[in-house]
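*Asks:* File name final32.txt; file contents compact mmCIF, C-alpha atoms; full text below.
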```txt
# COMPACT_ATOMS: atom_id res chain seq x y z
CA MET X 143 20.34 71.76 135.36
CA LYS X 144 18.86 75.11 134.29
CA LYS X 145 17.24 75.40 137.73
CA THR X 146 20.64 74.81 139.37
CA ILE X 147 22.24 77.54 137.25
CA VAL X 148 19.47 80.04 138.09
CA MET X 149 19.73 79.29 141.83
CA ALA X 150 23.50 79.66 141.72
CA ALA X 151 23.21 83.01 139.95
CA MET X 152 20.63 84.26 142.49
CA ALA X 153 22.85 83.18 145.39
CA ALA X 154 25.82 84.98 143.88
CA PHE X 155 23.71 88.15 143.39
CA ILE X 156 22.41 88.10 147.00
CA PHE X 157 25.88 87.48 148.43
CA SER X 158 27.38 90.28 146.37
CA ASN X 159 24.76 92.82 147.48
CA THR X 160 24.91 91.69 151.11
CA SER X 161 28.68 92.23 151.07
CA THR X 162 28.26 95.73 149.62
CA VAL X 163 25.66 96.71 152.24
CA TYR X 164 27.90 95.36 155.00
CA ALA X 165 30.84 97.40 153.74
CA GLN X 166 28.74 100.55 153.41
CA GLY X 167 27.39 100.01 156.90
CA GLY X 168 30.93 99.66 158.21
CA LEU X 169 31.89 102.92 156.54
CA GLY X 170 28.87 104.67 158.01
CA ASN X 171 29.64 103.34 161.48
CA VAL X 172 33.18 104.68 161.27
CA LEU X 173 31.85 108.16 160.44
CA ASN X 174 29.14 107.96 163.09
CA ASN X 175 31.83 107.54 165.71
CA LEU X 176 32.48 111.26 165.23
CA SER X 177 29.98 114.06 165.69
CA GLN X 178 29.45 116.52 162.84
CA ASP X 179 30.95 119.17 165.08
CA LYS X 180 34.13 117.17 165.62
CA VAL X 181 34.55 116.43 161.91
CA SER X 182 34.14 120.12 161.08
CA GLN X 183 36.42 121.24 163.90
CA GLY X 184 39.08 118.72 162.93
CA LEU X 185 39.16 119.78 159.29
CA LYS X 186 39.18 123.47 160.19
CA GLU X 187 42.03 122.78 162.59
CA ALA X 188 43.95 120.99 159.83
CA LEU X 189 43.45 123.84 157.36
CA ASN X 190 44.42 126.44 159.92
CA LYS X 191 47.50 124.39 160.75
CA GLY X 192 48.43 124.31 157.07
CA ILE X 193 48.27 128.09 156.95
CA GLU X 194 50.15 128.51 160.21
CA GLU X 195 52.86 125.95 159.47
CA GLN X 196 53.46 126.50 155.77
CA VAL X 197 51.90 129.65 154.32
CA SER X 198 53.30 131.84 157.10
CA LYS X 199 56.79 130.69 156.11
CA LEU X 200 56.29 132.24 152.69
CA THR X 201 55.75 135.70 154.19
CA LYS X 202 59.25 135.81 155.68
CA THR X 203 62.32 137.16 153.90
CA ASP X 204 63.51 134.48 151.46
CA GLY X 205 60.28 132.54 152.04
CA PHE X 206 59.98 132.19 148.28
CA LEU X 207 63.53 132.98 147.17
CA LYS X 208 65.25 130.24 149.22
CA ASN X 209 62.50 127.63 148.88
CA GLU X 210 63.13 125.68 145.69
CA MET X 211 59.56 124.29 145.75
CA VAL X 212 58.05 127.73 145.19
CA LYS X 213 60.90 130.02 144.09
CA ILE X 214 59.71 132.22 141.25
CA ALA X 215 62.04 132.09 138.27
CA LEU X 216 61.98 134.33 135.26
CA PRO X 217 58.94 133.88 133.01
CA GLU X 218 59.38 131.25 130.33
CA GLU X 219 59.52 133.84 127.57
CA ALA X 220 62.27 135.64 129.49
CA GLN X 221 64.54 132.62 129.94
CA LYS X 222 66.54 133.58 126.88
CA VAL X 223 66.93 137.06 128.36
CA ASP X 224 68.46 135.56 131.51
CA LYS X 225 70.79 133.30 129.53
CA THR X 226 71.92 136.06 127.19
CA LEU X 227 72.61 138.54 130.00
CA ARG X 228 74.62 135.96 131.95
CA ASN X 229 76.62 135.06 128.85
CA LEU X 230 77.46 138.75 128.49
CA GLY X 231 78.60 139.01 132.11
CA MET X 232 75.40 140.73 133.29
CA GLY X 233 74.30 138.01 135.69
CA SER X 234 73.91 140.47 138.56
CA ILE X 235 71.13 142.27 136.65
CA ALA X 236 69.25 138.99 136.12
CA ASP X 237 69.76 137.96 139.77
CA GLN X 238 68.39 141.30 140.95
CA GLY X 239 65.24 140.80 138.89
CA ILE X 240 64.64 137.32 140.34
CA THR X 241 65.21 138.52 143.91
CA LEU X 242 62.80 141.41 143.56
CA ILE X 243 59.89 139.39 142.13
CA ASN X 244 60.25 136.88 144.97
CA ARG X 245 60.27 139.72 147.49
CA ALA X 246 57.00 140.96 146.00
CA ALA X 247 55.47 137.49 146.39
CA GLU X 248 56.63 137.23 150.02
CA ASN X 249 55.00 140.55 150.84
CA ALA X 250 51.77 139.80 148.97
CA VAL X 251 51.16 136.49 150.79
CA LYS X 252 50.62 138.44 154.01
CA GLU X 253 47.26 139.41 152.51
CA ALA X 254 46.21 135.76 152.10
CA THR X 255 45.54 134.74 155.70
CA PRO X 256 42.25 136.67 156.23
CA ILE X 257 40.89 135.23 152.97
CA PHE X 258 41.73 131.69 154.03
CA VAL X 259 40.32 132.24 157.52
CA GLU X 260 37.00 133.41 156.04
CA ALA X 261 36.79 130.38 153.74
CA ILE X 262 37.56 127.99 156.60
CA LYS X 263 35.02 129.69 158.89
CA ASN X 264 32.28 129.22 156.28
CA MET X 265 33.10 125.55 155.63
CA SER X 266 30.04 123.31 155.99
CA PHE X 267 29.87 119.80 157.45
CA THR X 268 29.41 118.44 153.91
CA ASP X 269 32.60 120.22 152.87
CA ALA X 270 34.40 118.77 155.89
CA LYS X 271 33.14 115.23 155.25
CA ASP X 272 34.11 115.42 151.57
CA ILE X 273 37.58 116.62 152.54
CA LEU X 274 38.00 113.92 155.17
CA LEU X 275 36.98 111.14 152.79
CA GLY X 276 38.47 112.75 149.70
CA GLY X 277 41.82 112.30 148.01
CA ASP X 278 45.20 113.26 149.39
CA ASN X 279 44.79 116.91 148.34
CA ALA X 280 41.06 117.35 148.99
CA ALA X 281 41.60 120.11 151.58
CA THR X 282 43.93 122.02 149.27
CA THR X 283 41.43 121.67 146.43
CA PHE X 284 38.67 123.02 148.69
CA LEU X 285 40.72 126.12 149.48
CA GLN X 286 41.60 126.60 145.82
CA LYS X 287 37.95 126.56 144.81
CA SER X 288 36.91 128.76 147.74
CA THR X 289 39.63 131.40 147.60
CA THR X 290 41.24 131.63 144.15
CA LYS X 291 39.13 134.55 142.90
CA SER X 292 39.51 136.48 146.14
CA LEU X 293 43.24 135.83 146.30
CA GLN X 294 43.76 136.88 142.72
CA SER X 295 41.89 140.16 143.16
CA LYS X 296 43.77 140.82 146.42
CA PHE X 297 47.23 139.73 145.28
CA ALA X 298 47.39 141.57 141.96
CA PRO X 299 47.23 145.16 143.28
CA VAL X 300 49.48 144.30 146.24
CA ILE X 301 52.06 142.72 143.96
CA GLN X 302 51.88 145.62 141.55
CA GLU X 303 52.39 148.04 144.42
CA GLN X 304 55.22 145.92 145.83
CA LEU X 305 56.96 145.66 142.48
CA SER X 306 56.83 149.43 142.26
CA SER X 307 57.81 150.19 145.88
CA ILE X 308 60.86 147.91 145.89
CA GLY X 309 61.90 149.01 142.43
CA ALA X 310 61.25 145.69 140.73
CA ASP X 311 59.33 147.31 137.87
CA LYS X 312 62.28 149.60 137.10
CA ALA X 313 64.72 146.71 137.44
CA TRP X 314 62.68 144.67 135.00
CA ASP X 315 62.42 147.60 132.61
CA LYS X 316 66.20 147.75 132.74
CA ILE X 317 66.50 144.01 132.17
CA PHE X 318 64.24 144.01 129.14
CA SER X 319 65.52 147.26 127.70
CA THR X 320 69.12 146.02 128.08
CA TYR X 321 68.23 142.81 126.31
CA ASN X 322 66.00 144.35 123.65
CA ASN X 323 68.74 146.83 122.74
CA LEU X 324 71.19 144.05 122.00
CA PRO X 325 71.85 143.45 118.27
CA LEU X 326 70.16 140.55 116.51
CA VAL X 327 67.62 139.71 119.25
CA THR X 328 63.84 139.58 119.11
CA ALA X 329 62.28 141.99 121.59
CA VAL X 330 60.69 140.35 124.67
CA ASN X 331 58.05 141.80 126.96
CA THR X 332 55.87 140.28 129.68
CA ASN X 333 53.14 141.33 132.09
CA LEU X 334 55.13 141.05 135.29
CA THR X 335 52.21 141.61 137.69
CA ASP X 336 50.07 138.83 136.18
CA TYR X 337 53.01 136.46 136.11
CA VAL X 338 54.07 137.03 139.74
CA THR X 339 50.45 136.87 140.93
CA SER X 340 49.94 133.51 139.27
CA LYS X 341 53.18 132.07 140.62
CA THR X 342 52.51 133.41 144.12
CA MET X 343 49.15 131.64 144.26
CA GLU X 344 50.70 128.47 142.89
CA GLY X 345 53.32 128.57 145.65
CA VAL X 346 50.75 129.15 148.39
CA PHE X 347 48.63 126.14 147.44
CA LYS X 348 51.70 123.98 146.95
CA MET X 349 52.77 124.61 150.54
CA ILE X 350 49.26 123.99 151.88
CA ALA X 351 49.32 120.65 150.04
CA VAL X 352 52.59 119.80 151.81
CA GLU X 353 51.01 120.26 155.23
CA GLU X 354 47.87 118.36 154.19
CA THR X 355 50.02 115.39 153.22
CA ASN X 356 51.90 115.63 156.52
CA ILE X 357 48.65 115.53 158.50
CA ARG X 358 46.95 112.80 156.46
CA LYS X 359 50.00 110.55 156.77
CA ASN X 360 51.01 111.86 160.20
CA ILE X 361 54.50 112.64 158.93
CA GLY X 362 56.72 113.87 161.74
CA GLY X 363 53.82 113.73 164.18
CA ALA X 364 51.89 116.39 162.24
CA ARG X 365 48.70 115.33 164.04
CA SER X 366 49.89 117.41 166.91
CA ASN X 367 46.77 117.50 169.10
CA ASN X 368 44.01 115.13 170.21
CA LEU X 369 41.42 116.54 167.80
CA LEU X 370 43.60 115.93 164.74
CA LYS X 371 44.54 112.47 166.02
CA GLU X 372 40.89 111.51 166.55
CA VAL X 373 39.49 112.86 163.28
CA PHE X 374 42.29 111.67 161.02
CA GLY X 375 42.57 108.42 162.93
CA ASN X 376 38.99 107.78 161.80
CA GLN X 377 40.04 108.73 158.28
CA ASP X 378 42.58 105.91 158.50
CA LYS X 379 39.79 103.52 159.53
CA VAL X 380 37.69 104.66 156.57
CA ALA X 381 40.59 104.01 154.23
CA ASN X 382 41.04 100.54 155.70
CA THR X 383 37.28 99.87 155.35
CA GLU X 384 37.34 100.93 151.70
CA ASN X 385 40.38 98.76 151.01
CA LYS X 386 38.61 95.82 152.64
CA GLU X 387 35.49 96.49 150.57
CA THR X 388 37.53 96.57 147.36
CA SER X 389 39.30 93.36 148.31
CA GLU X 390 36.02 91.59 149.19
CA THR X 391 34.31 92.78 146.00
CA THR X 392 37.20 91.50 143.88
CA SER X 393 37.16 88.20 145.75
CA ASN X 394 33.38 87.84 145.31
CA LYS X 395 33.59 88.54 141.59
CA ASN X 396 36.30 85.93 141.20
CA SER X 397 34.22 83.41 143.19
CA GLN X 398 31.19 84.11 141.01
CA LYS X 399 33.22 83.61 137.84
CA ASN X 400 34.62 80.35 139.15
CA SER X 401 31.15 79.09 140.20
CA ILE X 402 29.64 79.85 136.81
CA PHE X 403 32.64 78.29 135.07
CA ASN X 404 32.31 75.10 137.14
CA ILE X 405 28.55 74.91 136.48
CA LYS X 406 29.12 75.25 132.75
CA ASN X 407 31.77 72.52 132.85
CA LYS X 408 29.39 70.19 134.71
CA LYS X 409 26.68 70.92 132.19
CA LYS X 410 29.01 69.89 129.40
```
Please go through the file and, once you have read it, give me the structure as structure tokens.
*Replies:*
Amino acid sequence: MKKTIVMAAMAAFIFSNTSTVYAQGGLGNVLNNLSQDKVSQGLKEALNKGIEEQVSKLTKTDGFLKNEMVKIALPEEAQKVDKTLRNLGMGSIADQGITLINRAAENAVKEATPIFVEAIKNMSFTDAKDILLGGDNAATTFLQKSTTKSLQSKFAPVIQEQLSSIGADKAWDKIFSTYNNLPLVTAVNTNLTDYVTSKTMEGVFKMIAVEETNIRKNIGGARSNNLLKEVFGNQDKVANTENKETSETTSNKNSQKNSIFNIKNKKK
């Protein structure tokens, strides 16, 4: 009986490992259907499309202001300023401040494209493969890691200059001075440049993530050319292979448990 149990355990082990190798081989074959050049080109095309389709929208008038996904509101610490001014019939002052900070963001984003283009140009095949087989926002995450420092250093002076040139800094000074001069309030101040810079970057990556989702799921025919269709069509095959592997592994584990359980029952 002991010999039977050992043989059963060995058979289960061999079957389990054979299934894993088969699944891994299937995954490798799916990737091997594409050349490294095509994988890299496809991912670069997708990232460039994200910039063209979504980020460019942010550079237009009302690109931030009329887009509720990325519209920059007053800083959290200034929310009470907004509420108080509106309660006192000074809503136009608050509205002007919100409009001007969104205008600064729209103008600053124009500086982003060259930074993104450089990051995409320098993307390696390993980067491309990881993005292709990564999660739903793998491409967006790649750009965040590759460009955040550069964007921050580029955006901050542009936003500061924009805030000054369109009068946003003076408008905000008026907003805060008006509020801070009211009786029985605690004075509020904020670093407007840092705040708008942070929110601008957040909005840029949010819109890139939208286009990445569109392409990965082919929403609205976002895979608009043969290269995107071929590369991300193979991504679909990889996903199906991984799902099959997970299903087979779960099934094998259940079969092993049942076999061992039956052997134990026979032994009893």
*Asks:* Using all atoms listed in the file for the distances, tell me which of X:Thr268, X:Thr226, X:Gln178, X:Asn190 is nearest to Asn322 (chain X).
*Replies:* X:Thr226
*Asks:* Show me, as an NGL selection string, the residues that have an atom within 6 Å of region 200-216 of chain X when counting only C-alpha atoms, minus same-chain residues fewer than 3 positions from it.
*Replies:* :X and (197 or 220 or 244 or 248-249 or 251-252 or 345)
*Asks:* CA of Gln221 (chain X) and CA of Gln286 (chain X) are how many Å apart?
*Replies:*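 Between these atoms lies a distance of 28.5 Å.
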*Asks:* Applying 12 Å and all atoms listed in the file, which residues near Gly309 (chain X) remain after dropping the ones on its own chain fewer than 3 positions away? List them as number ranges by chain.
*Replies:* X: 238-239, 241-243, 245-246, 301-306, 312-316
*Asks:* Which residue, X:Ala254, X:Ala247, X:Ile317, X:Ala261, has the smallest gap to Tyr337 (chain X) when you use all atoms listed in the file?
*Replies:*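 Of X:Ala254, X:Ala247, X:Ile317, X:Ala261, the one nearest Tyr337 (chain X), counting all atoms listed in the file, is X:Ala247.
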*Asks:* For each of X:Leu227, X:Leu369, X:Ala351, X:Ser182, take the minimum atom-to-atom distance to Asn323 (chain X), counting only C-alpha atoms, then give the residue where this is smallest.
*Replies:*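 Comparing X:Leu227, X:Leu369, X:Ala351, X:Ser182 against Asn323 (chain X), the winner is X:Leu227.
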*Asks:* Given the choices X:Asp311, X:Lys287, X:Thr342, X:Asp278, which gets closest to Lys359 (chain X) if the distance is worked out from all atoms listed in the file?
*Replies:*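 The answer is X:Asp278, which sits nearest to Lys359 (chain X).
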*Asks:* Nearest to Val338 (chain X) among X:Gln294, X:Thr355, X:Ser234, X:Asn360, with distances taken over only C-alpha atoms: which residue is it?
*Replies:*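 Looking at the shortest contact to Val338 (chain X), the residue is X:Gln294.
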*Asks:* Separation of CA of Glu195 (chain X) and CA of Arg365 (chain X), in Å?
*Replies:*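 Between CA of Glu195 (chain X) and CA of Arg365 (chain X) the gap works out to 12.3 Å.
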*Asks:* For a quick check of understanding, using all atoms listed in the file, which of X:Leu324, X:Ala188, X:Arg358, X:Asp237 has the smallest distance to Leu275 (chain X)?
*Replies:*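 Checking each candidate against Leu275 (chain X), we get X:Arg358 as the closest.
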*Asks:* Could the centre and edge lengths of an axis-aligned box, enclosing all atoms of region 230-246 of chain X in the file with 6 Å extra on each side, be given in Å to one decimal as lines of an AutoDock Vina configuration file?
*Replies:*
```
center_x = 67.8
center_y = 139.6
center_z = 138.0
size_x = 33.6
size_y = 17.4
size_z = 31.0
```
*Asks:* What does the distance between CA of Gly362 (chain X) and CA of Glu187 (chain X) come to in Å, to one decimal place?
*Replies:*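 One can read the CA of Gly362 (chain X) to CA of Glu187 (chain X) distance as 17.2 Å.
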*Asks:* Could you list, as a PDB file with C-alpha atoms, keeping the file's coordinate frame, every residue within 10 Å of Val223 (chain X), counting only C-alpha atoms and ignoring same-chain residues fewer than 4 positions away?
*Replies:*
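Saved the output as out.pdb:
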```pdb
ATOM      1  CA  LEU X 216      61.980 134.330 135.260  1.00  0.00           C
ATOM      2  CA  PRO X 217      58.940 133.880 133.010  1.00  0.00           C
ATOM      3  CA  GLU X 218      59.380 131.250 130.330  1.00  0.00           C
ATOM      4  CA  GLU X 219      59.520 133.840 127.570  1.00  0.00           C
ATOM      5  CA  LEU X 227      72.610 138.540 130.000  1.00  0.00           C
ATOM      6  CA  ARG X 228      74.620 135.960 131.950  1.00  0.00           C
ATOM      7  CA  ASN X 229      76.620 135.060 128.850  1.00  0.00           C
ATOM      8  CA  ALA X 236      69.250 138.990 136.120  1.00  0.00           C
ATOM      9  CA  ILE X 317      66.500 144.010 132.170  1.00  0.00           C
ATOM     10  CA  PHE X 318      64.240 144.010 129.140  1.00  0.00           C
ATOM     11  CA  THR X 320      69.120 146.020 128.080  1.00  0.00           C
ATOM     12  CA  TYR X 321      68.230 142.810 126.310  1.00  0.00           C
ATOM     13  CA  ASN X 322      66.000 144.350 123.650  1.00  0.00           C
ATOM     14  CA  VAL X 327      67.620 139.710 119.250  1.00  0.00           C
ATOM     15  CA  ALA X 329      62.280 141.990 121.590  1.00  0.00           C
ATOM     16  CA  VAL X 330      60.690 140.350 124.670  1.00  0.00           C
TER      17      VAL X 330
END
```
